[in-house]
Amino acid sequence: EIIKRLLIYAKPYTKSFILVFVLMVVSIAHEIISPLIMGNLIETIGGEEGFELNFLLYTIVLYVAILLVSLICTYIESIILQKTGQRIVSNMREDLYEHISGLSHDQLNKIPVGTLVTRVTNDTNSISITFTNIIVNLLKNCFIIIGVLAAMLVLNYMLTLMVLCFVPFVVIFAFIFRKFSRKAHRKVKNGTTDINIFLSEH
């Protein structure tokens with residue numbers, strides 16, 4: 001339900017998120033291709049048969065070009081996400097301000113001013129970080145894992161299968177860590193909220 005309500009604010013900026021997704025795919029391609037190029041380069045230099053200087057220069061130029069394209073895409077992606085996130089927060093804060101302005105005097109007397117200030121400033125900022133950082137990084141990391149796994153299977157599927165034997169243990173430890181970290185994170189956020197409410201009140 002919360003995600004559906006948040007998507008209403010993100011819907012006007014669908015084109016921006018699509019563009020970010022395309023740029024993200026390009027940067028992910030760099031993450032996957034660059035180790036393959038470096039590995040090929042090291043094998044070429046360390047080979048007993050020797051290597052051609054032209055091939056070495058061509059490989060280095062290709063690597064630098066891919067790196068520059070990835071850096072430019074990452075930069076543009078960050079700019080778009082920050083602008084989009086700020087616009088979403090601006091719209092959300094305007095709606096919150098109108099909602100608070102429409103409350104009756106009796107309701108406003110019951111709610112501490114610090115609580116209202118914290119909800120309008122800190123909570124909306126956390127939602128902005130969710131749109132501009134957390135969701136994007138989550139998708140990016142998922143695609144990187146899939147791409148690296150595919151590259152590993154192509155290079156050496158037996159070694160890849162041996163490495164995957166440890167994945168269930170990693171997943172189990174991740175779930176255990178998430179359980180404890182969520183409780184700790186909520187305590188920290190509640191404490192931060194209480195401090196902000198106290199500072200806003202006084």
# chains A, B, ... in the order shown; residues from 1 in each chain; ligands from 1
>>> closest_atom_pairs(of="region 52-127 of chain A", to="region 185-200 of chain A", cutoff="9 Å", atoms="only C-alpha atoms", output="tab-separated table")
residue	atom	partner	partner_atom	distance
A:Pro112	CA	A:Ile197	CA	8.0
A:Val113	CA	A:Ser200	CA	7.1
A:Gly114	CA	A:Ile197	CA	4.1
A:Thr115	CA	A:Ile197	CA	5.4
A:Leu116	CA	A:Ile197	CA	8.4
A:Val117	CA	A:Ser200	CA	7.0
A:Thr118	CA	A:Ile197	CA	6.4
A:Arg119	CA	A:Thr193	CA	9.0
A:Asn122	CA	A:Thr193	CA	8.4
>>> closest_residue(among="A:Val25, A:Leu41, A:Leu19, A:Ile79", to="Leu62 (chain A)", atoms="only C-alpha atoms")
A:Leu41
>>> residues_around(residues="Arg93 (chain A)", least_positions_apart="3", cutoff="12 Å", atoms="only C-alpha atoms", output="list in words")
Tyr9, Gln86, Arg87, Ile88, Val89, Ser90, Leu96, Tyr97, Glu98, His99, Ile100, Ser101, Leu116, Val117, Thr118, Arg119, Val120, Thr121, Asn122, Asp123, Thr124, Asn125, Ile127 and Ser128 of chain A
>>> write_last_selection(atoms="C-alpha atoms", output="PDB file, in the first residue's frame")
ATOM      1  CA  TYR A   9       4.764  10.704  -6.986  1.00  0.00           C
ATOM      2  CA  GLN A  86      14.392  16.583  -5.230  1.00  0.00           C
ATOM      3  CA  ARG A  87      11.315  17.150  -7.391  1.00  0.00           C
ATOM      4  CA  ILE A  88       9.527  14.171  -5.815  1.00  0.00           C
ATOM      5  CA  VAL A  89      10.365  15.455  -2.333  1.00  0.00           C
ATOM      6  CA  SER A  90       9.204  18.953  -3.294  1.00  0.00           C
ATOM      7  CA  LEU A  96       2.101  17.498   3.342  1.00  0.00           C
ATOM      8  CA  TYR A  97       1.988  21.248   3.920  1.00  0.00           C
ATOM      9  CA  GLU A  98      -1.505  21.451   2.446  1.00  0.00           C
ATOM     10  CA  HIS A  99      -2.591  18.479   4.578  1.00  0.00           C
ATOM     11  CA  ILE A 100      -1.187  20.020   7.775  1.00  0.00           C
ATOM     12  CA  SER A 101      -2.740  23.397   6.918  1.00  0.00           C
ATOM     13  CA  LEU A 116       5.219  17.708  12.257  1.00  0.00           C
ATOM     14  CA  VAL A 117       8.608  19.248  11.413  1.00  0.00           C
ATOM     15  CA  THR A 118      10.315  15.854  11.516  1.00  0.00           C
ATOM     16  CA  ARG A 119       7.679  14.249   9.298  1.00  0.00           C
ATOM     17  CA  VAL A 120       7.926  17.022   6.690  1.00  0.00           C
ATOM     18  CA  THR A 121      11.745  17.233   6.616  1.00  0.00           C
ATOM     19  CA  ASN A 122      13.468  13.998   7.685  1.00  0.00           C
ATOM     20  CA  ASP A 123      10.888  11.426   6.574  1.00  0.00           C
ATOM     21  CA  THR A 124      10.484  12.921   3.111  1.00  0.00           C
ATOM     22  CA  ASN A 125      14.273  13.073   2.776  1.00  0.00           C
ATOM     23  CA  ILE A 127      11.920   8.637   0.870  1.00  0.00           C
ATOM     24  CA  SER A 128      14.021  10.693  -1.565  1.00  0.00           C
TER      25      SER A 128
END
>>> decode(residues="region 147-178 of chain A", atoms="N, CA, C and O atoms", output="short mmCIF file (atom, residue, chain, number, x, y, z; two decimals), in the first residue's frame")
data_model
loop_
_atom_site.label_atom_id
_atom_site.label_comp_id
_atom_site.auth_asym_id
_atom_site.auth_seq_id
_atom_site.Cartn_x
_atom_site.Cartn_y
_atom_site.Cartn_z
N GLY A 147 25.13 -10.72 -14.50
CA GLY A 147 26.10 -10.59 -15.58
C GLY A 147 27.42 -11.28 -15.27
O GLY A 147 27.99 -11.97 -16.13
N VAL A 148 27.92 -11.08 -14.04
CA VAL A 148 29.18 -11.73 -13.65
C VAL A 148 29.03 -13.24 -13.64
O VAL A 148 29.92 -13.97 -14.08
N LEU A 149 27.88 -13.71 -13.16
CA LEU A 149 27.63 -15.15 -13.14
C LEU A 149 27.61 -15.72 -14.56
O LEU A 149 28.19 -16.80 -14.83
N ALA A 150 26.98 -14.99 -15.49
CA ALA A 150 26.94 -15.45 -16.88
C ALA A 150 28.34 -15.48 -17.48
O ALA A 150 28.71 -16.44 -18.18
N ALA A 151 29.13 -14.43 -17.19
CA ALA A 151 30.51 -14.40 -17.71
C ALA A 151 31.34 -15.53 -17.13
O ALA A 151 32.15 -16.16 -17.83
N MET A 152 31.17 -15.81 -15.85
CA MET A 152 31.90 -16.91 -15.22
C MET A 152 31.53 -18.26 -15.83
O MET A 152 32.39 -19.12 -16.04
N LEU A 153 30.24 -18.46 -16.11
CA LEU A 153 29.80 -19.71 -16.72
C LEU A 153 30.40 -19.89 -18.11
O LEU A 153 30.75 -21.01 -18.51
N VAL A 154 30.52 -18.77 -18.85
CA VAL A 154 31.11 -18.86 -20.18
C VAL A 154 32.59 -19.20 -20.11
O VAL A 154 33.11 -20.01 -20.89
N LEU A 155 33.30 -18.59 -19.14
CA LEU A 155 34.74 -18.79 -19.03
C LEU A 155 35.10 -20.18 -18.50
O LEU A 155 35.94 -20.88 -19.06
N ASN A 156 34.44 -20.56 -17.39
CA ASN A 156 34.76 -21.86 -16.78
C ASN A 156 33.56 -22.28 -15.93
O ASN A 156 33.41 -21.85 -14.79
N TYR A 157 32.72 -23.12 -16.51
CA TYR A 157 31.47 -23.48 -15.81
C TYR A 157 31.72 -24.39 -14.62
O TYR A 157 31.00 -24.35 -13.62
N MET A 158 32.77 -25.22 -14.67
CA MET A 158 33.07 -26.11 -13.54
C MET A 158 33.50 -25.32 -12.30
O MET A 158 33.03 -25.57 -11.19
N LEU A 159 34.37 -24.35 -12.51
CA LEU A 159 34.82 -23.50 -11.41
C LEU A 159 33.65 -22.66 -10.87
O LEU A 159 33.54 -22.44 -9.65
N THR A 160 32.78 -22.22 -11.77
CA THR A 160 31.61 -21.44 -11.35
C THR A 160 30.68 -22.27 -10.47
O THR A 160 30.18 -21.78 -9.45
N LEU A 161 30.46 -23.51 -10.84
CA LEU A 161 29.61 -24.40 -10.04
C LEU A 161 30.21 -24.65 -8.66
O LEU A 161 29.49 -24.74 -7.66
N MET A 162 31.55 -24.73 -8.60
CA MET A 162 32.21 -24.91 -7.30
C MET A 162 32.02 -23.67 -6.42
O MET A 162 31.78 -23.78 -5.22
N VAL A 163 32.12 -22.49 -7.04
CA VAL A 163 31.93 -21.25 -6.29
C VAL A 163 30.49 -21.12 -5.79
O VAL A 163 30.23 -20.66 -4.67
N LEU A 164 29.53 -21.55 -6.62
CA LEU A 164 28.12 -21.44 -6.25
C LEU A 164 27.74 -22.33 -5.07
O LEU A 164 26.67 -22.15 -4.48
N CYS A 165 28.59 -23.30 -4.75
CA CYS A 165 28.31 -24.16 -3.58
C CYS A 165 28.25 -23.36 -2.29
O CYS A 165 27.59 -23.76 -1.32
N PHE A 166 28.94 -22.21 -2.26
CA PHE A 166 28.98 -21.39 -1.05
C PHE A 166 27.84 -20.38 -0.98
O PHE A 166 27.66 -19.72 0.05
N VAL A 167 27.09 -20.23 -2.07
CA VAL A 167 26.01 -19.24 -2.12
C VAL A 167 24.94 -19.47 -1.05
O VAL A 167 24.50 -18.52 -0.40
N PRO A 168 24.47 -20.72 -0.84
CA PRO A 168 23.44 -20.92 0.20
C PRO A 168 23.87 -20.43 1.58
O PRO A 168 23.06 -19.85 2.31
N PHE A 169 25.15 -20.61 1.92
CA PHE A 169 25.64 -20.14 3.23
C PHE A 169 25.62 -18.61 3.28
O PHE A 169 25.25 -18.02 4.31
N VAL A 170 25.99 -17.97 2.18
CA VAL A 170 25.96 -16.51 2.12
C VAL A 170 24.54 -15.99 2.29
O VAL A 170 24.29 -15.02 3.01
N VAL A 171 23.59 -16.64 1.63
CA VAL A 171 22.18 -16.24 1.72
C VAL A 171 21.66 -16.39 3.14
O VAL A 171 20.97 -15.51 3.67
N ILE A 172 21.99 -17.51 3.79
CA ILE A 172 21.55 -17.76 5.17
C ILE A 172 22.10 -16.68 6.11
O ILE A 172 21.36 -16.11 6.92
N PHE A 173 23.41 -16.39 5.98
CA PHE A 173 24.01 -15.36 6.84
C PHE A 173 23.42 -13.98 6.55
O PHE A 173 23.26 -13.16 7.46
N ALA A 174 23.07 -13.72 5.28
CA ALA A 174 22.46 -12.44 4.92
C ALA A 174 21.10 -12.27 5.58
O ALA A 174 20.76 -11.19 6.09
N PHE A 175 20.29 -13.34 5.58
CA PHE A 175 18.98 -13.27 6.23
C PHE A 175 19.11 -13.07 7.73
O PHE A 175 18.35 -12.30 8.35
N ILE A 176 20.08 -13.76 8.35
CA ILE A 176 20.30 -13.59 9.80
C ILE A 176 20.73 -12.16 10.10
O ILE A 176 20.23 -11.52 11.04
N PHE A 177 21.66 -11.65 9.30
CA PHE A 177 22.14 -10.28 9.51
C PHE A 177 21.02 -9.27 9.32
O PHE A 177 20.90 -8.31 10.07
N ARG A 178 20.16 -9.51 8.31
CA ARG A 178 19.05 -8.58 8.04
C ARG A 178 18.10 -8.52 9.22
O ARG A 178 17.59 -7.45 9.58
#
